[in-house]
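This is coords.cif (mmCIF, C-alpha atoms).
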```cif
data_entry
loop_
_atom_site.label_atom_id
_atom_site.label_comp_id
_atom_site.auth_asym_id
_atom_site.auth_seq_id
_atom_site.Cartn_x
_atom_site.Cartn_y
_atom_site.Cartn_z
CA MET A 1 -13.20 1.08 -0.15
CA LYS A 2 -12.19 1.84 3.43
CA LYS A 3 -12.51 -1.84 4.31
CA LYS A 4 -10.30 -2.80 1.40
CA LEU A 5 -7.70 -0.22 2.38
CA LEU A 6 -7.79 -1.47 5.96
CA VAL A 7 -7.08 -5.00 4.75
CA LEU A 8 -4.16 -3.71 2.73
CA MET A 9 -2.89 -1.66 5.69
CA MET A 10 -3.05 -4.65 7.99
CA ALA A 11 -1.25 -6.84 5.46
CA PHE A 12 1.35 -4.11 5.10
CA ALA A 13 1.75 -3.90 8.88
CA MET A 14 2.24 -7.67 9.07
CA ILE A 15 4.94 -7.50 6.45
CA LEU A 16 6.61 -4.67 8.32
CA ALA A 17 6.52 -6.62 11.55
CA PHE A 18 8.08 -9.59 9.80
CA ALA A 19 10.03 -8.48 6.76
CA SER A 20 11.11 -5.27 8.40
CA CYS A 21 13.28 -7.57 10.38
CA GLY A 22 14.60 -8.30 6.92
CA GLY A 23 17.94 -7.27 5.69
CA SER A 24 19.78 -6.73 2.56
CA GLY A 25 23.04 -8.06 1.46
CA GLY A 26 26.20 -6.22 0.78
CA GLY A 27 26.15 -7.21 -2.86
CA SER A 28 27.10 -10.37 -4.70
CA GLU A 29 30.45 -11.05 -6.29
CA ALA A 30 28.92 -11.06 -9.77
CA GLU A 31 28.79 -7.81 -11.71
CA PRO A 32 25.34 -6.14 -11.52
CA GLU A 33 23.31 -6.53 -14.68
CA ALA A 34 21.59 -3.18 -14.15
CA ALA A 35 22.37 0.25 -15.55
CA ALA A 36 25.02 2.32 -13.78
CA GLU A 37 22.77 5.29 -12.96
CA PRO A 38 20.04 5.08 -10.27
CA ASN A 39 16.63 4.64 -11.85
CA ALA A 40 14.43 4.13 -8.78
CA GLY A 41 14.12 5.34 -5.23
CA VAL A 42 12.00 6.31 -2.23
CA GLY A 43 12.44 9.15 0.23
CA GLY A 44 16.10 9.97 0.60
CA ILE A 45 17.60 7.00 -1.24
CA VAL A 46 18.06 6.01 -4.89
CA PHE A 47 19.15 2.69 -6.36
CA VAL A 48 19.52 0.72 -9.58
CA LEU A 49 16.89 -1.67 -10.93
CA PRO A 50 17.97 -4.25 -13.52
CA ASP A 51 16.55 -4.22 -17.02
CA GLY A 52 13.10 -5.80 -17.05
CA TRP A 53 12.33 -5.05 -13.41
CA THR A 54 9.40 -2.61 -13.63
CA VAL A 55 7.67 -0.43 -11.07
CA SER A 56 4.12 -1.70 -10.51
CA GLY A 57 3.17 0.38 -7.47
CA SER A 58 4.37 3.74 -6.22
CA SER A 59 3.39 6.20 -3.49
CA LEU A 60 5.12 9.50 -2.78
CA GLU A 61 4.49 8.83 0.91
CA GLY A 62 7.33 6.32 0.74
CA TYR A 63 6.44 3.03 -0.93
CA LEU A 64 7.64 1.34 -4.09
CA GLU A 65 6.71 -2.04 -5.54
CA VAL A 66 8.62 -3.63 -8.41
CA THR A 67 7.60 -6.57 -10.60
CA ILE A 68 10.32 -9.14 -11.26
CA PRO A 69 10.12 -10.79 -14.69
CA ASP A 70 9.19 -14.50 -14.67
CA SER A 71 8.97 -14.53 -10.86
CA ASP A 72 6.29 -14.88 -8.20
CA TYR A 73 8.18 -12.37 -6.07
CA ILE A 74 8.19 -8.60 -5.98
CA LEU A 75 10.79 -6.15 -4.75
CA TYR A 76 9.44 -3.55 -2.32
CA ALA A 77 10.96 -0.52 -0.65
CA ASN A 78 9.21 1.47 2.05
CA ILE A 79 9.72 4.07 4.74
CA PHE A 80 8.30 3.63 8.23
CA GLY A 81 7.71 6.92 10.08
CA GLU A 82 5.87 8.48 13.02
CA ASP A 83 2.42 8.12 11.41
CA ASP A 84 3.06 4.43 10.79
CA LEU A 85 4.17 3.96 14.38
CA GLU A 86 0.90 5.51 15.56
CA ASN A 87 -1.01 2.97 13.45
CA VAL A 88 1.03 0.07 14.85
CA ASN A 89 0.49 1.29 18.41
CA ARG A 90 -3.24 1.42 17.69
CA TRP A 91 -3.75 -1.78 15.67
CA ASN A 92 -0.83 -4.00 16.63
CA PRO A 93 0.25 -2.81 20.10
CA GLU A 94 2.36 -5.88 20.88
CA HIS A 95 4.79 -4.59 18.27
CA GLY A 96 4.41 -0.94 19.32
CA ALA A 97 6.85 1.33 21.12
CA ASP A 98 7.21 4.87 22.45
CA SER A 99 9.55 5.99 19.67
CA LEU A 100 10.78 4.90 16.26
CA GLU A 101 14.19 4.12 17.74
CA ALA A 102 12.59 1.88 20.36
CA TYR A 103 10.37 0.27 17.73
CA TYR A 104 13.38 -0.45 15.56
CA GLU A 105 15.33 -1.98 18.44
CA LYS A 106 12.34 -4.05 19.58
CA ASN A 107 11.15 -5.42 16.24
CA TYR A 108 14.26 -5.40 14.06
CA LYS A 109 17.35 -5.81 16.19
CA SER A 110 16.45 -7.69 19.36
CA GLU A 111 17.61 -11.29 19.53
CA GLU A 112 14.15 -12.21 20.83
CA ALA A 113 12.40 -10.81 17.75
CA LEU A 114 14.87 -12.41 15.36
CA ALA A 115 14.63 -15.78 17.09
CA LYS A 116 10.81 -15.62 17.19
CA GLU A 117 10.63 -15.12 13.45
CA GLY A 118 13.36 -17.65 12.72
CA LEU A 119 15.42 -15.17 10.72
CA GLU A 120 19.00 -15.49 9.58
CA SER A 121 20.39 -12.06 10.41
CA THR A 122 23.62 -10.52 9.12
CA PRO A 123 24.92 -7.02 9.99
CA VAL A 124 25.66 -5.00 6.83
CA LYS A 125 26.20 -1.39 5.80
CA VAL A 126 23.84 0.70 3.65
CA CYS A 127 25.06 4.20 2.80
CA ASP A 128 27.65 3.82 5.57
CA THR A 129 24.81 3.14 8.03
CA ASP A 130 24.46 0.01 10.15
CA ALA A 131 21.74 -2.22 8.72
CA LEU A 132 20.40 -5.74 9.07
CA TYR A 133 20.13 -8.24 6.25
CA ASN A 134 17.64 -10.94 7.23
CA LYS A 135 16.46 -13.98 5.33
CA PHE A 136 13.72 -16.43 6.21
CA LYS A 137 14.26 -20.10 5.41
CA THR A 138 11.42 -22.61 5.43
CA GLU A 139 11.59 -25.84 7.39
CA SER A 140 11.98 -27.71 4.12
CA GLY A 141 14.87 -25.48 3.08
CA GLY A 142 15.06 -22.52 0.72
CA TYR A 143 14.41 -18.86 1.35
CA ILE A 144 11.03 -17.19 0.90
CA GLU A 145 11.85 -13.67 2.12
CA ALA A 146 14.87 -11.40 2.14
CA ALA A 147 14.92 -7.86 3.48
CA THR A 148 17.29 -5.13 4.61
CA THR A 149 16.40 -2.60 7.26
CA TRP A 150 18.13 0.48 8.68
CA MET A 151 17.40 3.88 10.22
CA SER A 152 18.19 7.14 8.46
CA ASP A 153 17.13 10.72 9.27
CA GLY A 154 14.73 9.52 11.95
CA GLU A 155 12.91 7.03 9.73
CA ILE A 156 13.11 3.28 9.16
CA TYR A 157 13.97 2.18 5.63
CA ASN A 158 13.17 -1.30 4.42
CA ILE A 159 13.83 -2.98 1.07
CA GLY A 160 13.17 -6.62 0.36
CA LEU A 161 11.77 -9.49 -1.67
CA VAL A 162 8.40 -11.06 -0.85
CA ASN A 163 5.70 -13.24 -2.38
CA TYR A 164 2.36 -12.54 -0.68
CA ASP A 165 1.04 -15.90 -1.86
CA SER A 166 3.65 -17.68 0.25
CA TYR A 167 1.26 -17.58 3.19
CA GLY A 168 -2.26 -18.88 3.73
CA GLU A 169 -5.08 -17.05 5.50
CA ASP A 170 -3.82 -18.54 8.78
CA GLY A 171 -0.47 -16.82 8.28
CA LYS A 172 1.38 -20.11 7.88
CA VAL A 173 3.69 -20.90 4.98
CA ASN A 174 1.90 -22.74 2.18
CA ASP A 175 3.11 -26.26 1.37
CA ASP A 176 3.58 -25.42 -2.31
CA VAL A 177 5.44 -22.16 -1.66
CA THR A 178 7.82 -21.01 -4.39
CA LYS A 179 11.37 -20.45 -3.09
CA LEU A 180 13.66 -17.61 -4.06
CA THR A 181 16.26 -18.61 -6.61
CA ASP A 182 19.98 -18.00 -6.10
CA GLU A 183 19.85 -15.59 -9.05
CA GLU A 184 17.01 -13.57 -7.51
CA ILE A 185 18.87 -13.30 -4.21
CA ALA A 186 22.11 -12.31 -5.96
CA THR A 187 20.35 -9.65 -8.03
CA TYR A 188 18.61 -8.34 -4.93
CA GLU A 189 21.95 -8.03 -3.16
CA ASP A 190 23.31 -6.07 -6.13
CA ILE A 191 20.34 -3.70 -5.89
CA VAL A 192 21.00 -3.13 -2.20
CA ALA A 193 24.68 -2.55 -2.91
CA SER A 194 23.66 0.16 -5.39
CA ILE A 195 21.71 2.19 -2.79
CA GLN A 196 23.01 5.71 -2.27
CA PRO A 197 21.67 8.97 -0.81
CA GLY A 198 19.51 10.91 -3.27
CA ASP A 199 16.08 12.33 -4.03
CA GLY A 200 14.10 9.13 -4.42
CA THR A 201 10.81 11.02 -4.18
CA ALA A 202 11.73 13.10 -7.23
CA ILE A 203 12.44 9.94 -9.26
CA GLN A 204 9.08 8.52 -8.18
CA LYS A 205 7.20 11.71 -8.99
CA ALA A 206 8.72 11.95 -12.45
CA ALA A 207 7.69 8.38 -13.23
CA LEU A 208 4.10 8.55 -11.95
CA SER A 209 1.44 8.51 -14.66
CA ALA A 210 -2.02 7.00 -15.13
CA ASP A 211 -5.09 7.56 -17.28
CA SER A 212 -7.19 4.57 -16.26
CA VAL A 213 -7.93 1.99 -13.58
CA GLY A 214 -9.00 -1.45 -14.75
CA SER A 215 -11.30 -1.03 -17.73
CA ILE A 216 -12.30 2.56 -16.89
CA ALA A 217 -10.51 5.69 -18.15
CA PHE A 218 -10.58 9.06 -16.41
CA GLU A 219 -9.54 12.68 -16.88
CA ALA A 220 -7.01 13.94 -14.31
CA PRO A 221 -8.38 16.79 -12.18
CA ALA A 222 -6.78 20.22 -12.55
CA GLY A 223 -4.97 21.48 -9.46
CA TYR A 224 -4.30 17.95 -8.21
CA THR A 225 -1.06 15.95 -8.28
CA LEU A 226 -0.92 12.21 -8.86
CA THR A 227 0.68 10.89 -5.67
CA ALA A 228 0.13 7.12 -5.78
CA VAL A 229 -0.38 4.55 -8.52
CA TYR A 230 -1.09 0.85 -8.01
CA GLU A 231 -2.55 -1.80 -10.29
CA ASP A 232 -6.10 -1.26 -9.04
CA GLN A 233 -5.94 2.17 -7.37
CA ILE A 234 -4.72 5.70 -7.97
CA THR A 235 -4.61 8.72 -5.66
CA PHE A 236 -4.57 12.41 -6.46
CA THR A 237 -3.76 15.02 -3.80
CA LYS A 238 -4.96 18.60 -4.05
CA ASP A 239 -2.03 20.98 -4.44
CA GLY A 240 -1.30 22.74 -1.15
CA SER A 241 -3.93 20.70 0.69
CA GLU A 242 -4.56 17.32 2.32
CA VAL A 243 -7.69 16.70 0.25
CA THR A 244 -7.30 13.43 -1.66
CA LEU A 245 -9.21 11.92 -4.56
CA GLN A 246 -8.94 8.14 -4.93
CA PHE A 247 -10.23 5.81 -7.64
CA ASN A 248 -10.07 2.03 -7.25
CA VAL A 249 -11.61 -1.22 -8.39
CA THR A 250 -12.50 -4.35 -6.44
CA HIS A 251 -12.35 -7.57 -8.47
CA GLU A 252 -14.01 -10.92 -7.86
CA ASP A 253 -10.85 -12.44 -6.38
CA ASP A 254 -10.65 -9.57 -3.85
CA LEU A 255 -13.80 -10.79 -2.13
CA LYS A 256 -11.79 -13.26 -0.09
CA ASN A 257 -10.37 -10.24 1.75
CA MET A 258 -13.82 -8.74 2.40
CA THR A 259 -16.14 -9.52 5.29
CA ASP A 260 -19.63 -8.28 6.10
CA SER A 261 -20.94 -7.32 9.53
CA ASP A 262 -21.30 -11.03 10.34
CA GLY A 263 -17.70 -11.76 9.39
CA LYS A 264 -18.69 -13.67 6.25
CA HIS A 265 -17.10 -13.33 2.83
CA PRO A 266 -19.53 -12.09 0.15
CA GLU A 267 -20.31 -14.68 -2.52
CA SER A 268 -20.42 -12.22 -5.41
CA LEU A 269 -19.59 -8.66 -6.40
CA GLN A 270 -23.31 -8.03 -6.74
CA GLU A 271 -23.86 -9.02 -3.11
CA TRP A 272 -21.03 -6.78 -1.89
CA TYR A 273 -22.25 -3.86 -4.01
CA GLU A 274 -25.89 -4.07 -2.95
CA GLN A 275 -25.14 -3.86 0.77
CA PHE A 276 -24.26 -0.17 0.25
CA LEU A 277 -27.54 0.69 -1.49
CA TYR A 278 -29.36 2.15 1.49
CA GLU A 279 -32.53 4.23 1.44
CA GLY A 280 -32.11 7.76 0.15
CA ILE A 281 -28.90 7.18 -1.76
CA GLU A 282 -28.55 9.04 -5.06
CA GLU A 283 -28.61 6.51 -7.90
CA THR A 284 -27.25 7.56 -11.27
CA GLU A 285 -25.40 6.31 -14.34
CA ILE A 286 -21.62 6.29 -14.19
CA ALA A 287 -19.42 5.27 -17.13
CA GLY A 288 -22.45 3.64 -18.72
CA TYR A 289 -23.27 1.53 -15.65
CA LYS A 290 -25.81 1.85 -12.86
CA GLY A 291 -24.18 3.50 -9.90
CA HIS A 292 -24.77 5.73 -6.90
CA VAL A 293 -23.34 8.86 -5.31
CA ASP A 294 -22.99 9.31 -1.56
CA LYS A 295 -22.87 12.89 -0.23
CA TRP A 296 -23.91 13.39 3.37
CA PRO A 297 -22.97 16.21 5.73
CA ALA A 298 -21.46 15.44 9.12
CA GLU A 299 -23.16 16.39 12.37
CA ASP A 300 -21.73 19.91 12.08
CA GLU A 301 -23.37 20.25 8.63
CA ASN A 302 -20.00 20.30 6.83
CA TYR A 303 -18.94 17.82 4.16
CA TYR A 304 -15.70 15.98 4.86
CA ASN A 305 -15.98 13.25 2.24
CA CYS A 306 -18.07 12.02 -0.65
CA SER A 307 -18.03 8.91 -2.80
CA ALA A 308 -19.43 7.33 -5.94
CA GLU A 309 -19.63 3.64 -6.80
CA PHE A 310 -20.75 1.47 -9.67
CA LEU A 311 -20.70 -2.20 -10.61
CA ALA A 312 -19.03 -2.75 -13.98
CA ASP A 313 -18.38 -5.95 -15.92
CA ASP A 314 -14.99 -6.54 -14.28
CA GLY A 315 -15.49 -5.20 -10.76
CA ILE A 316 -16.87 -2.60 -8.36
CA TYR A 317 -15.41 0.86 -9.00
CA ASN A 318 -15.24 3.49 -6.29
CA VAL A 319 -14.37 7.19 -6.32
CA TYR A 320 -13.65 8.74 -2.93
CA MET A 321 -12.78 12.33 -2.03
CA GLY A 322 -12.01 13.18 1.57
CA THR A 323 -9.92 14.92 4.19
CA ASP A 324 -8.25 13.64 7.33
CA ALA A 325 -11.11 14.92 9.45
CA TRP A 326 -11.69 12.24 12.10
CA ASP A 327 -9.60 11.15 15.06
CA GLU A 328 -9.06 7.54 16.08
CA ASP A 329 -12.27 7.59 18.16
CA GLY A 330 -14.37 8.68 15.19
CA ASN A 331 -14.79 12.27 16.35
CA ILE A 332 -14.28 15.25 14.07
CA LYS A 333 -10.97 16.93 14.81
CA GLU A 334 -11.00 20.52 16.02
CA ASP A 335 -8.82 21.56 13.08
CA ALA A 336 -10.68 19.42 10.54
CA VAL A 337 -10.79 20.87 7.03
CA SER A 338 -14.10 20.45 5.21
CA LEU A 339 -14.60 20.04 1.47
CA THR A 340 -15.38 23.25 -0.38
CA GLU A 341 -17.88 23.72 -3.18
CA ASP A 342 -14.93 23.79 -5.57
CA ASP A 343 -13.72 20.45 -4.17
CA MET A 344 -17.14 18.91 -4.68
CA ALA A 345 -17.21 20.30 -8.24
CA VAL A 346 -13.88 18.57 -8.93
CA PHE A 347 -15.34 15.33 -7.57
CA ASP A 348 -18.42 15.65 -9.78
CA ALA A 349 -16.31 16.42 -12.86
CA PHE A 350 -14.05 13.43 -12.21
CA VAL A 351 -17.03 11.09 -11.89
CA ALA A 352 -18.54 12.55 -15.08
CA SER A 353 -15.27 11.95 -16.95
CA LEU A 354 -15.27 8.19 -16.28
CA LYS A 355 -15.80 6.05 -19.36
CA LYS A 356 -15.04 2.60 -20.70
CA LYS A 357 -11.62 2.31 -22.35
#
```
Can you present the structure in this file as structure tokens?
Amino acid sequence: MKKKLLVLMMAFAMILAFASCGGSGGGSEAEPEAAAEPNAGVGGIVFVLPDGWTVSGSSLEGYLEVTIPDSDYILYANIFGEDDLENVNRWNPEHGADSLEAYYEKNYKSEEALAKEGLESTPVKVCDTDALYNKFKTESGGYIEAATTWMSDGEIYNIGLVNYDSYGEDGKVNDDVTKLTDEEIATYEDIVASIQPGDGTAIQKAALSADSVGSIAFEAPAGYTLTAVYEDQITFTKDGSEVTLQFNVTHEDDLKNMTDSDGKHPESLQEWYEQFLYEGIEETEIAGYKGHVDKWPAEDENYYNCSAEFLADDGIYNVYMGTDAWDEDGNIKEDAVSLTEDDMAVFDAFVASLKKK
């Protein structure tokens, strides 16, 4: 699961480095087709989504993904903060900086960055704050990204339109890329024009719900809050703690994003699953399938994470409970919090609750 999350993080970082240079328009001349009251948001902003535009991914840490009907594109909104800057400085240092303000100036506002990415940049206002509305046009004409970026309360806000399938594995634009329509761009500009200060996190939290991932249902753990929901992954966070419980599924078409120790893509889910069946692992039945549980103490004899995995008909399912216990060098932090017996009991109960829908 960690490898999959790393792939997603790196893809997210690439989008930030590119689309964060994106901007949003000041609104189209046409009347918005959405409801008058804000019905979506992240962090300290709220905005209006049109009828039919539905939230497909949401994290209380500051990310929202919205499905657009009859479109290859999604609308996303995210917040880039100090923790994200640390990750960029570690994994993508050429885009890094000493502060968020410097990062914003370097990657979003500098003429060099805009010219390098070939962006059409227009200064706009969002909530009376200076922002940039950037669009990316292909060599053959037509736009394939639009995004608006600004700083507020010491964080970088970004909202835009993107189609992840616009690019190949080499990062280049695909020949058969689908272009944004004039209607999609106009509706996007209306959404940006609707942005106002508000408790976007509260709107997200009220809308979060899930009782299954893929073909497997679960029972929500008591004392934990659902903090992130995506199509193939959910996250619970222990109330008053940094302990998280994640449940996700890897499908056959995800294997193209996976690599083994030799850098090769696995040919099947079975192959990917079996590489984690090492000697001494606890094999058991989970949700009616053969699976295994991984519980090993760290060098200090404390438990900082545990996991369970099984291969079902439609993918590899993984349950992971852990704390933020390791530093970037792989050493246990001095203030690391270990899992308690109660935490491990919650993990066991969650795994036991899994069943086919």
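Comparing A:Phe350, A:Trp91, A:Tyr133, A:Tyr167 by their smallest distance to Ile216 in chain A, the closest is A:Phe350 (using all atoms listed in the file).
Closest approach to Ser71 in chain A from the set A:Trp296, A:Trp53, A:Phe47, A:Tyr224 is made by A:Trp53, with distances taken over only C-alpha atoms.
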Pairwise distance for CA of Glu37 in chain A and CA of Glu155 in chain A, rounded to one decimal in Å
24.8 Å
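The closest residue to Ile234 in chain A, picked from A:Pro221, A:Val66, A:Asn87, A:Ser59 and counting only C-alpha atoms, is A:Ser59.
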Can you pull out every residue within 8 Å of range 195-199 of chain A, counting all atoms listed in the file, but drop anything in the same chain fewer than 4 positions away, and send it as a VMD selection string?
chain A and resid 41 to 48 126 to 127 191 203
